[in-house]
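One file, run.tsv, carrying TSV, C-alpha atoms and all ligand atoms:
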```
chain	number	residue	atom	x	y	z
A	1	MET	CA	33.70	22.77	-13.72
A	2	HIS	CA	30.31	21.21	-14.46
A	3	VAL	CA	29.16	18.55	-12.02
A	4	LEU	CA	26.08	16.57	-13.01
A	5	HIS	CA	24.31	14.70	-10.18
A	6	VAL	CA	22.00	11.80	-10.95
A	7	VAL	CA	19.26	10.59	-8.61
A	8	GLY	CA	16.34	8.29	-9.23
A	9	ALA	CA	14.91	6.65	-6.16
A	10	ARG	CA	13.90	7.70	-2.67
A	11	PRO	CA	17.14	6.84	-0.83
A	12	ASN	CA	19.18	8.87	-3.33
A	13	PHE	CA	17.57	12.16	-2.36
A	14	MET	CA	18.95	12.29	1.19
A	15	LYS	CA	22.41	11.52	-0.19
A	16	VAL	CA	22.60	14.15	-2.92
A	17	ALA	CA	21.29	16.99	-0.72
A	18	PRO	CA	24.42	17.54	1.42
A	19	VAL	CA	26.75	17.22	-1.56
A	20	MET	CA	24.82	19.83	-3.55
A	21	ALA	CA	24.62	22.11	-0.53
A	22	ALA	CA	28.38	21.88	-0.01
A	23	MET	CA	29.08	22.60	-3.68
A	24	ASP	CA	26.62	25.46	-3.81
A	25	GLY	CA	28.53	28.71	-4.04
A	26	HIS	CA	31.84	26.96	-4.73
A	27	PRO	CA	33.57	29.37	-7.11
A	28	ASN	CA	34.62	26.70	-9.62
A	29	ILE	CA	31.56	24.47	-9.64
A	30	GLN	CA	28.30	24.64	-11.59
A	31	GLN	CA	25.79	21.94	-10.79
A	32	ILE	CA	23.10	20.16	-12.76
A	33	LEU	CA	20.60	17.81	-11.10
A	34	VAL	CA	19.02	15.03	-13.16
A	35	HIS	CA	16.16	12.90	-11.79
A	36	THR	CA	15.70	9.68	-13.74
A	37	GLY	CA	12.10	9.38	-12.54
A	38	GLN	CA	12.60	5.82	-11.22
A	39	HIS	CA	10.46	6.92	-8.28
A	40	TYR	CA	7.67	9.23	-9.36
A	41	ASP	CA	4.85	9.17	-6.75
A	42	ALA	CA	4.54	12.44	-4.85
A	43	ASN	CA	5.11	10.64	-1.55
A	44	MET	CA	8.17	8.77	-2.88
A	45	SER	CA	9.81	11.79	-4.53
A	46	ASP	CA	8.34	15.34	-4.47
A	47	ILE	CA	7.98	15.59	-0.70
A	48	PHE	CA	11.67	14.75	-0.28
A	49	PHE	CA	12.74	17.53	-2.63
A	50	ARG	CA	10.70	19.99	-0.56
A	51	GLU	CA	11.77	18.80	2.87
A	52	LEU	CA	15.44	18.39	1.99
A	53	GLY	CA	15.56	21.82	0.34
A	54	LEU	CA	16.74	20.32	-2.94
A	55	PRO	CA	16.44	22.43	-6.08
A	56	GLN	CA	13.96	21.20	-8.67
A	57	PRO	CA	15.76	18.82	-11.02
A	58	ASP	CA	17.05	20.49	-14.18
A	59	LEU	CA	15.79	17.44	-16.05
A	60	ASN	CA	13.45	14.55	-15.30
A	61	LEU	CA	13.92	11.54	-17.56
A	62	GLU	CA	10.58	10.03	-16.48
A	63	VAL	CA	11.67	6.43	-16.85
A	64	GLY	CA	9.14	5.15	-14.29
A	65	SER	CA	8.74	1.51	-13.30
A	66	GLY	CA	9.52	-1.63	-15.26
A	67	SER	CA	11.52	-4.81	-15.11
A	68	HIS	CA	15.16	-4.35	-14.16
A	69	ALA	CA	16.23	-4.63	-17.79
A	70	VAL	CA	13.64	-2.15	-19.01
A	71	GLN	CA	14.25	0.36	-16.23
A	72	THR	CA	18.04	0.19	-16.52
A	73	ALA	CA	17.94	0.37	-20.31
A	74	GLN	CA	15.56	3.36	-20.30
A	75	VAL	CA	17.90	5.27	-17.98
A	76	MET	CA	20.86	4.42	-20.23
A	77	VAL	CA	19.17	5.49	-23.47
A	78	ARG	CA	17.84	8.76	-22.06
A	79	MET	CA	20.97	9.53	-20.06
A	80	GLU	CA	23.21	9.18	-23.10
A	81	ASP	CA	21.42	12.07	-24.82
A	82	VAL	CA	21.63	14.21	-21.70
A	83	LEU	CA	25.34	13.62	-21.25
A	84	LEU	CA	26.13	14.25	-24.92
A	85	ASP	CA	24.15	17.47	-24.71
A	86	ARG	CA	25.46	18.74	-21.37
A	87	GLN	CA	29.06	17.49	-21.54
A	88	PRO	CA	29.69	17.57	-17.76
A	89	ASP	CA	33.25	17.37	-16.41
A	90	ILE	CA	32.17	14.76	-13.90
A	91	VAL	CA	28.98	12.88	-13.04
A	92	LEU	CA	28.14	11.86	-9.48
A	93	VAL	CA	25.96	8.82	-8.84
A	94	TYR	CA	24.56	7.78	-5.48
A	95	GLY	CA	23.88	4.53	-3.66
A	96	ASP	CA	22.93	1.28	-5.36
A	97	VAL	CA	19.71	1.68	-7.31
A	98	ASN	CA	19.18	0.84	-10.98
A	99	SER	CA	19.59	4.51	-11.94
A	100	THR	CA	23.06	4.48	-10.36
A	101	VAL	CA	24.51	1.60	-12.36
A	102	ALA	CA	22.76	2.61	-15.58
A	103	THR	CA	24.31	6.08	-15.44
A	104	ALA	CA	27.75	4.78	-14.52
A	105	ILE	CA	27.80	2.48	-17.55
A	106	VAL	CA	26.82	5.29	-19.92
A	107	CYS	CA	29.52	7.57	-18.47
A	108	ALA	CA	32.18	4.89	-18.76
A	109	LYS	CA	31.36	4.31	-22.43
A	110	LEU	CA	31.32	8.03	-23.23
A	111	GLY	CA	34.60	8.59	-21.37
A	112	ILE	CA	32.99	10.97	-18.87
A	113	PRO	CA	34.49	10.67	-15.36
A	114	VAL	CA	32.05	9.29	-12.83
A	115	GLY	CA	32.18	9.45	-9.04
A	116	HIS	CA	30.27	7.02	-6.83
A	117	VAL	CA	28.97	8.29	-3.51
A	118	GLU	CA	28.48	5.46	-1.00
A	119	ALA	CA	30.99	3.16	-2.70
A	120	GLY	CA	32.42	-0.10	-1.42
A	121	LEU	CA	29.42	-1.51	0.46
A	122	ARG	CA	28.98	-5.26	-0.03
A	123	SER	CA	26.40	-7.74	1.21
A	124	PHE	CA	28.24	-10.56	-0.62
A	125	ASP	CA	24.78	-11.72	-1.72
A	126	ARG	CA	24.49	-11.58	-5.49
A	127	SER	CA	20.81	-12.49	-5.41
A	128	MET	CA	20.20	-8.88	-4.30
A	129	PRO	CA	19.74	-6.58	-7.28
A	130	GLU	CA	21.51	-3.80	-5.38
A	131	GLU	CA	24.64	-5.95	-4.90
A	132	ILE	CA	25.00	-6.29	-8.66
A	133	ASN	CA	24.52	-2.53	-9.00
A	134	ARG	CA	27.19	-1.86	-6.37
A	135	LEU	CA	29.76	-4.24	-7.85
A	136	LEU	CA	29.40	-2.93	-11.40
A	137	THR	CA	29.29	0.74	-10.45
A	138	ASP	CA	32.42	0.48	-8.33
A	139	GLN	CA	34.35	-1.36	-11.05
A	140	ILE	CA	33.82	1.43	-13.56
A	141	ALA	CA	33.76	4.53	-11.34
A	142	ASP	CA	36.77	6.85	-11.54
A	143	VAL	CA	36.50	8.12	-7.99
A	144	LEU	CA	34.91	6.30	-5.08
A	145	PHE	CA	33.62	7.90	-1.89
A	146	THR	CA	33.20	5.41	0.96
A	147	PRO	CA	31.28	5.82	4.24
A	148	SER	CA	33.41	3.49	6.37
A	149	ALA	CA	36.64	1.46	6.43
A	150	ASP	CA	34.94	-1.78	5.33
A	151	GLY	CA	34.12	-0.02	2.04
A	152	ASP	CA	37.79	0.78	1.41
A	153	ALA	CA	38.81	-2.80	2.18
A	154	ASN	CA	36.19	-4.27	-0.16
A	155	LEU	CA	37.26	-2.00	-3.02
A	156	GLN	CA	40.94	-2.73	-2.59
A	157	ARG	CA	40.23	-6.46	-2.54
A	158	GLU	CA	38.43	-6.03	-5.87
A	159	GLY	CA	41.45	-4.29	-7.36
A	160	VAL	CA	40.37	-0.65	-7.19
A	161	ALA	CA	43.46	1.57	-7.01
A	162	ALA	CA	43.91	3.12	-3.57
A	163	GLU	CA	44.28	6.64	-4.97
A	164	ARG	CA	40.74	6.50	-6.36
A	165	ILE	CA	39.23	5.74	-2.93
A	166	HIS	CA	38.28	8.54	-0.53
A	167	ARG	CA	36.78	7.72	2.85
A	168	VAL	CA	34.52	10.69	3.44
A	169	GLY	CA	31.88	9.41	5.88
A	170	ASN	CA	28.16	9.00	5.51
A	171	VAL	CA	26.22	11.54	3.46
A	172	MET	CA	22.85	10.18	4.60
A	173	ILE	CA	23.84	11.00	8.16
A	174	ASP	CA	24.76	14.56	7.07
A	175	THR	CA	21.11	15.02	6.16
A	176	LEU	CA	19.90	13.41	9.36
A	177	ILE	CA	22.06	15.68	11.51
A	178	ARG	CA	20.88	18.78	9.64
A	179	LEU	CA	17.17	17.98	9.78
A	180	LEU	CA	16.81	16.25	13.15
A	181	PRO	CA	15.93	19.52	14.92
A	182	GLN	CA	13.00	19.97	12.52
A	183	ALA	CA	11.65	16.43	12.95
A	184	SER	CA	9.06	16.86	15.66
A	185	PHE	CA	7.10	13.91	16.99
A	186	ASP	CA	3.33	14.29	16.73
A	187	ALA	CA	2.11	12.91	20.05
A	188	GLN	CA	-1.53	13.61	19.11
A	189	HIS	CA	-1.34	11.33	16.13
A	190	TRP	CA	0.87	8.40	17.23
A	191	PRO	CA	0.90	6.10	20.24
A	192	GLU	CA	3.42	6.86	22.98
A	193	ARG	CA	5.22	3.52	22.61
A	194	TYR	CA	5.38	1.66	19.30
A	195	ALA	CA	7.48	-0.37	16.91
A	196	LEU	CA	8.17	1.09	13.46
A	197	VAL	CA	8.28	-1.26	10.45
A	198	THR	CA	9.38	-0.88	6.82
A	199	LEU	CA	9.69	-3.72	4.30
A	200	HIS	CA	10.24	-3.62	0.56
A	201	ARG	CA	13.08	-6.01	-0.40
A	202	PRO	CA	12.13	-8.51	-3.09
A	203	SER	CA	13.46	-11.33	-0.84
A	204	ASN	CA	10.79	-10.46	1.75
A	205	VAL	CA	7.84	-9.16	-0.21
A	206	ASP	CA	8.01	-10.89	-3.60
A	207	ALA	CA	7.93	-14.42	-2.10
A	208	PRO	CA	4.27	-14.96	-1.11
A	209	ASP	CA	5.03	-17.42	1.72
A	210	MET	CA	7.60	-15.13	3.25
A	211	LEU	CA	5.33	-12.11	3.02
A	212	ARG	CA	2.46	-14.08	4.60
A	213	GLN	CA	4.69	-15.21	7.46
A	214	ILE	CA	6.03	-11.73	8.07
A	215	LEU	CA	2.57	-10.17	8.13
A	216	ALA	CA	1.23	-12.85	10.46
A	217	THR	CA	4.18	-12.28	12.80
A	218	LEU	CA	3.67	-8.53	12.76
A	219	ALA	CA	-0.05	-8.95	13.47
A	220	GLN	CA	0.85	-11.07	16.48
A	221	LEU	CA	3.59	-8.72	17.71
A	222	SER	CA	1.16	-5.82	17.46
A	223	LEU	CA	-0.79	-7.35	20.34
A	224	ASP	CA	2.26	-6.60	22.54
A	225	ILE	CA	3.21	-3.25	21.07
A	226	PRO	CA	1.43	-1.07	18.49
A	227	ILE	CA	3.12	-1.20	15.10
A	228	ILE	CA	3.37	1.70	12.67
A	229	PHE	CA	3.99	0.38	9.16
A	230	PRO	CA	4.36	2.90	6.30
A	231	ILE	CA	3.99	0.74	3.22
A	232	HIS	CA	6.24	1.00	0.18
A	233	PRO	CA	4.27	0.84	-3.12
A	234	ARG	CA	5.96	-2.45	-4.05
A	235	THR	CA	4.83	-4.03	-0.76
A	236	ARG	CA	1.32	-2.65	-1.06
A	237	GLN	CA	1.02	-4.16	-4.52
A	238	ARG	CA	2.13	-7.57	-3.27
A	239	ILE	CA	-0.28	-7.47	-0.33
A	240	GLN	CA	-3.14	-6.62	-2.69
A	241	GLU	CA	-2.16	-9.33	-5.17
A	242	LEU	CA	-2.28	-11.93	-2.42
A	243	GLY	CA	-5.52	-10.59	-1.03
A	244	LEU	CA	-3.99	-10.24	2.42
A	245	SER	CA	-5.39	-7.65	4.78
A	246	PRO	CA	-3.25	-7.82	7.87
A	247	ALA	CA	-4.39	-4.56	9.42
A	248	ASN	CA	-5.88	-4.65	12.88
A	249	THR	CA	-6.24	-1.79	15.26
A	250	HIS	CA	-2.69	-2.25	16.55
A	251	LEU	CA	-1.03	-2.75	13.16
A	252	MET	CA	-1.28	0.65	11.57
A	253	LEU	CA	-0.70	0.56	7.83
A	254	GLN	CA	0.23	3.98	6.47
A	255	GLU	CA	1.01	5.54	3.14
A	256	PRO	CA	4.77	6.21	2.73
A	257	LEU	CA	5.76	9.14	4.95
A	258	GLY	CA	7.92	12.16	4.26
A	259	TYR	CA	11.45	12.44	5.53
A	260	LEU	CA	10.73	14.56	8.60
A	261	ASP	CA	7.76	12.52	9.83
A	262	PHE	CA	9.64	9.28	9.35
A	263	LEU	CA	12.74	10.60	11.10
A	264	ALA	CA	10.66	11.72	14.08
A	265	LEU	CA	9.06	8.27	14.22
A	266	GLN	CA	12.46	6.55	14.11
A	267	ARG	CA	13.88	8.65	16.89
A	268	HIS	CA	10.93	8.00	19.15
A	269	ALA	CA	10.46	4.27	18.35
A	270	ALA	CA	10.98	1.54	20.94
A	271	VAL	CA	12.33	-0.62	18.12
A	272	VAL	CA	12.58	-0.46	14.34
A	273	ILE	CA	12.03	-3.57	12.19
A	274	THR	CA	13.23	-3.13	8.62
A	275	ASP	CA	14.89	-4.55	5.53
A	276	SER	CA	16.09	-1.14	4.30
A	277	GLY	CA	19.77	-0.26	4.08
A	278	GLY	CA	19.63	3.39	5.07
A	279	ILE	CA	17.40	2.77	8.08
A	280	GLN	CA	20.01	0.43	9.57
A	281	GLU	CA	22.36	3.42	9.51
A	282	GLU	CA	19.88	6.00	10.75
A	283	THR	CA	18.89	3.86	13.76
A	284	THR	CA	22.56	3.31	14.59
A	285	PHE	CA	23.12	7.05	14.59
A	286	LEU	CA	19.99	7.63	16.70
A	287	GLY	CA	20.84	4.80	19.13
A	288	VAL	CA	17.48	3.11	18.48
A	289	PRO	CA	17.40	-0.72	18.41
A	290	CYS	CA	17.06	-2.06	14.87
A	291	LEU	CA	16.06	-5.60	13.87
A	292	THR	CA	16.89	-6.25	10.24
A	293	VAL	CA	14.86	-8.89	8.43
A	294	ARG	CA	17.69	-10.00	6.17
A	295	GLU	CA	20.36	-12.71	6.26
A	296	ASN	CA	23.15	-10.24	5.49
A	297	THR	CA	23.91	-6.55	5.36
A	298	GLU	CA	26.12	-4.39	3.16
A	299	ARG	CA	26.46	-2.10	6.19
A	300	PRO	CA	28.21	-4.38	8.73
A	301	ILE	CA	29.39	-1.46	10.82
A	302	THR	CA	25.78	-1.03	12.00
A	303	VAL	CA	26.06	-4.50	13.53
A	304	THR	CA	29.63	-4.36	14.84
A	305	LEU	CA	29.43	-0.82	16.24
A	306	GLY	CA	25.78	0.14	16.08
A	307	THR	CA	22.38	-0.97	17.34
A	308	ASN	CA	21.55	-3.29	14.45
A	309	ILE	CA	20.81	-7.03	14.80
A	310	LEU	CA	20.32	-9.27	11.76
A	311	VAL	CA	17.40	-11.55	12.54
A	312	GLY	CA	17.36	-13.06	9.06
A	313	GLN	CA	14.06	-14.39	7.78
A	314	ASP	CA	13.49	-16.34	10.98
A	315	MET	CA	10.23	-15.09	12.44
A	316	ASN	CA	10.79	-16.84	15.80
A	317	ARG	CA	14.05	-14.98	16.14
A	318	LEU	CA	12.29	-11.73	15.30
A	319	GLN	CA	9.74	-12.35	18.03
A	320	GLU	CA	12.47	-13.22	20.55
A	321	GLU	CA	14.43	-10.09	19.78
A	322	VAL	CA	11.35	-7.88	20.05
A	323	ALA	CA	10.61	-9.52	23.41
A	324	HIS	CA	14.14	-8.61	24.60
A	325	VAL	CA	13.62	-5.00	23.62
A	326	LEU	CA	10.23	-4.85	25.32
A	327	ALA	CA	11.80	-6.33	28.45
A	328	GLY	CA	14.25	-3.41	28.49
A	329	ASP	CA	17.19	-5.45	27.25
A	330	SER	CA	18.19	-3.89	23.94
A	331	LYS	CA	21.47	-3.55	22.10
A	332	THR	CA	23.34	-0.29	22.61
A	333	GLY	CA	25.90	1.04	20.18
A	334	GLN	CA	28.24	3.81	19.12
A	335	ILE	CA	28.23	6.24	16.22
A	336	PRO	CA	30.79	5.13	13.60
A	337	PRO	CA	33.76	7.39	12.82
A	338	LEU	CA	33.18	10.17	10.24
A	339	TRP	CA	29.40	9.99	10.58
A	340	ASP	CA	29.70	13.59	11.63
A	341	GLY	CA	27.64	15.70	9.23
A	342	ARG	CA	30.61	16.72	7.07
A	343	ALA	CA	30.77	13.99	4.42
A	344	GLY	CA	29.22	16.24	1.74
A	345	GLN	CA	31.82	18.93	2.41
A	346	ARG	CA	34.64	16.43	2.08
A	347	ILE	CA	33.28	15.29	-1.28
A	348	ALA	CA	32.92	18.90	-2.47
A	349	GLU	CA	36.55	19.63	-1.55
A	350	ILE	CA	37.86	16.58	-3.36
A	351	ILE	CA	35.82	17.33	-6.48
A	352	GLY	CA	36.68	21.04	-6.34
A	353	GLN	CA	40.41	20.28	-6.17
A	354	ARG	CA	40.07	17.93	-9.14
A	355	ALA	CA	41.70	15.24	-7.02
A	356	TRP	CA	39.93	12.70	-9.23
A	357	GLN	CA	41.96	13.49	-12.34
A	358	PHE	CA	44.89	11.17	-12.89
B	1	LIG	C1	14.28	0.78	-5.34
B	1	LIG	C2	15.73	0.31	-5.27
B	1	LIG	C3	16.06	-0.14	-3.86
B	1	LIG	C4	15.71	0.95	-2.85
B	1	LIG	C5	14.26	1.32	-3.02
B	1	LIG	C6	13.85	2.42	-2.05
B	1	LIG	C7	16.61	-0.76	-7.30
B	1	LIG	C8	17.03	-2.04	-7.89
B	1	LIG	N1	15.95	-0.83	-6.14
B	1	LIG	O1	13.45	-0.36	-5.07
B	1	LIG	O2	17.44	-0.41	-3.78
B	1	LIG	O3	15.96	0.46	-1.55
B	1	LIG	O4	14.07	1.78	-4.37
B	1	LIG	O5	12.50	2.71	-2.16
B	1	LIG	O6	16.87	0.27	-7.87
B	1	LIG	N2	6.39	2.25	-7.45
B	1	LIG	C9	5.35	3.13	-7.36
B	1	LIG	N3	5.66	4.46	-7.26
B	1	LIG	C10	6.94	4.91	-7.23
B	1	LIG	C11	7.97	3.98	-7.33
B	1	LIG	C12	7.69	2.65	-7.43
B	1	LIG	O7	4.19	2.75	-7.38
B	1	LIG	O8	7.14	6.14	-7.14
B	1	LIG	C13	6.07	0.79	-7.53
B	1	LIG	C14	6.04	0.31	-8.94
B	1	LIG	O9	5.00	-0.60	-9.05
B	1	LIG	C15	7.33	-0.44	-9.12
B	1	LIG	C16	7.64	-0.91	-7.70
B	1	LIG	O10	7.07	0.08	-6.85
B	1	LIG	O11	7.23	-1.47	-10.02
B	1	LIG	C17	9.09	-1.03	-7.44
B	1	LIG	O12	9.79	0.17	-7.79
B	1	LIG	P1	11.32	0.08	-8.29
B	1	LIG	O13	11.86	1.43	-8.53
B	1	LIG	O14	11.43	-0.90	-9.40
B	1	LIG	O15	12.08	-0.59	-7.08
B	1	LIG	P2	11.94	-0.40	-5.49
B	1	LIG	O16	11.37	-1.62	-4.92
B	1	LIG	O17	11.29	0.91	-5.17
```
Before anything else, please render the file you have as structure tokens.
Amino acid sequence: MHVLHVVGARPNFMKVAPVMAAMDGHPNIQQILVHTGQHYDANMSDIFFRELGLPQPDLNLEVGSGSHAVQTAQVMVRMEDVLLDRQPDIVLVYGDVNSTVATAIVCAKLGIPVGHVEAGLRSFDRSMPEEINRLLTDQIADVLFTPSADGDANLQREGVAAERIHRVGNVMIDTLIRLLPQASFDAQHWPERYALVTLHRPSNVDAPDMLRQILATLAQLSLDIPIIFPIHPRTRQRIQELGLSPANTHLMLQEPLGYLDFLALQRHAAVVITDSGGIQEETTFLGVPCLTVRENTERPITVTLGTNILVGQDMNRLQEEVAHVLAGDSKTGQIPPLWDGRAGQRIAEIIGQRAWQF
């Protein structure tokens, strides 16, 4: 059986790695890895392949950046040729990025079965590009792998047949568990106590007023605790466009970091402030307090069971919650069920047994 995996953007790489590793050596499975090239900078892509031990992609479609329509369309056009040429038995797509939905649509039209890893997550906020990608991908996927029970419930409510849904756990946490022992904290380089920040959502960084407010708040918070802020290229662009230069000696702007360095920084952080999806999950697993600068989350289990608090876009609330953490009063949590390092193996078994053919 030929399985073709498609990845495009940074958060996809941690998700494909455990699935490929579990399928490696499976007697009935041959794998092909296609990178759409949605993320192309060395520090957004290459370093992850190295650190995660991923094979070099068999193909890179080099779609690069563009508007949503352009990027999605480029993936579709180029992917169609690849799929016609390679004729895989099943395609696996990951997460909620433009490359995910673009590939799923092409598969559906060609009649090639498609499996969605990390299915069923919903923020119920259709102004988020990723929510549209999730809804569409899940409607047309043939087999859906969910990380938690809320994913199953969302899919069933949307009419997805129960036999297509497999709750396998969280593949991103598989990678975290495997690589945590290698993620060593560099005490020479970083302060002993710090907050770690990442921001890249359009709702935070594309609205100039919001971005200004966030940066001013961070600059102020950094007087109480040093802040390490690896900057996503989208955010860097916006900061430059607005001519803002928020850096001071306590607000440390960094280039995007590799997986191992960032994981070490998360584990050691007093608090993480983010608008990322995956980081809400990683902090929950690590038991590190997480303040999410969003009004909603597609990963509610990180709030109900984990260490995550949604502070919304309310900067006063953010400051209050940071003050709680600094006063030693932070939210504790539990690790959700099936976040156990074996999600990739469960997916490999299901695919290997052809449990997705009806
Ligand atoms: C994408 C995903 C988002 C994910 C994020 C992780 C979609 C809709 N969004 O957002 O869900 O959380 O990746 O990083 O798929 N750029 C570079 N170098 C790169 C990649 C991007 O400079 O290697 C710049 C480009 O100017 C580009 C901008 O960043 O226009 C945004 O990149 P894009 O892939 O469109 O979306 P992300 O914001 O990265």
Got a sec to check which residues lie within 9 Å of ligand LIG 1 (chain B), using only C-alpha atoms and all ligand atoms, and send them as a PyMOL selection string? chain A and resi 8-12+37-45+64-68+71-72+95-101+128-130+133+200-202+232-237+275-278
Proximity to Thr103 (chain A) - best of A:Val7, A:Val16, A:Gln156, A:Ala183, all atoms listed in the file: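 Closest to Thr103 (chain A) of all the choices is A:Val7.
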Length of the CA of Leu155 (chain A) to CA of Gly120 (chain A) vector [Å]: 5.4 Å
Nearest-residue call for Ile309 (chain A), choices A:Val117, A:Ala162, A:Val271, A:Ala327, using all atoms listed in the file: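 Under the stated criterion, the closest residue is A:Val271.
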Might you pull out every residue within 8 Å of Val143 (chain A), with all atoms listed in the file counted and same-chain residues fewer than 5 positions away left off, and present them as a list of chain:residue names?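 What passes the distance filter is A:Val114, A:Gly115, A:His116, A:Arg164, A:Ile165, A:His166, A:Trp356.
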Need to verify the contact set: region 75-82 of chain A, 9 Å, all atoms listed in the file, exclusion of same-chain residues closer than 6 positions in sequence. Can you return it as a PyMOL selection string? chain A and resi 34+36-38+59+61-63+98-99+102-107+110
Pick out the closest residue to Ile112 (chain A) from this set: A:Leu242, A:Leu199, A:Leu84, A:Asp125. Count all atoms listed in the file.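 The closest residue to Ile112 (chain A) is A:Leu84.
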Find the residue from A:Phe49, A:Phe124, A:Phe285, A:Phe262 that sits nearest to Ile173 (chain A); use only C-alpha atoms when measuring.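 Going through A:Phe49, A:Phe124, A:Phe285, A:Phe262 one by one, the smallest distance to Ile173 (chain A) is for A:Phe285.
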Val19 (chain A) surroundings by only C-alpha atoms, 9 Å radius, close-in-sequence under 4 positions cut, as a PyMOL selection string: chain A and resi 15+23-24+171+343-348
Between CA of Leu305 (chain A) and CA of Leu263 (chain A), what distance in Å does the model show, to one decimal? 20.9 Å
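Between CA of Leu52 (chain A) and CA of Met14 (chain A) the separation is 7.1 Å.
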Would you be able to write out as a ChimeraX atom specification which residues have an atom within 12 Å of (22.0, -7.6, 5.1) in the file's coordinates, counting all atoms listed in the file? /A:121-128,130-131,201,203,274-281,291-303,308-313
I'd like the contact shell of Leu223 (chain A) - 10 Å cut-off, all atoms listed in the file, skipping same-chain residues fewer than 3 positions apart - returned as a list in words. Leu218, Ala219, Gln220, Pro226, Ile227, Asn248, Thr249, His250 and Leu251 of chain A
Pick from A:Asn28, A:Thr198, A:Gln87, A:Gln334 nearest to Glu349 (chain A), counting all atoms listed in the file: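 Of A:Asn28, A:Thr198, A:Gln87, A:Gln334, the one nearest Glu349 (chain A), counting all atoms listed in the file, is A:Asn28.
Protein, DNA and RNA residues at most 9 Å from (2.6, 9.9, 3.2), with only C-alpha atoms, are these: A:Ala42, A:Asn43, A:Met44, A:Ile47, A:Pro230, A:Gln254, A:Glu255, A:Pro256, A:Leu257, A:Gly258, A:Asp261.
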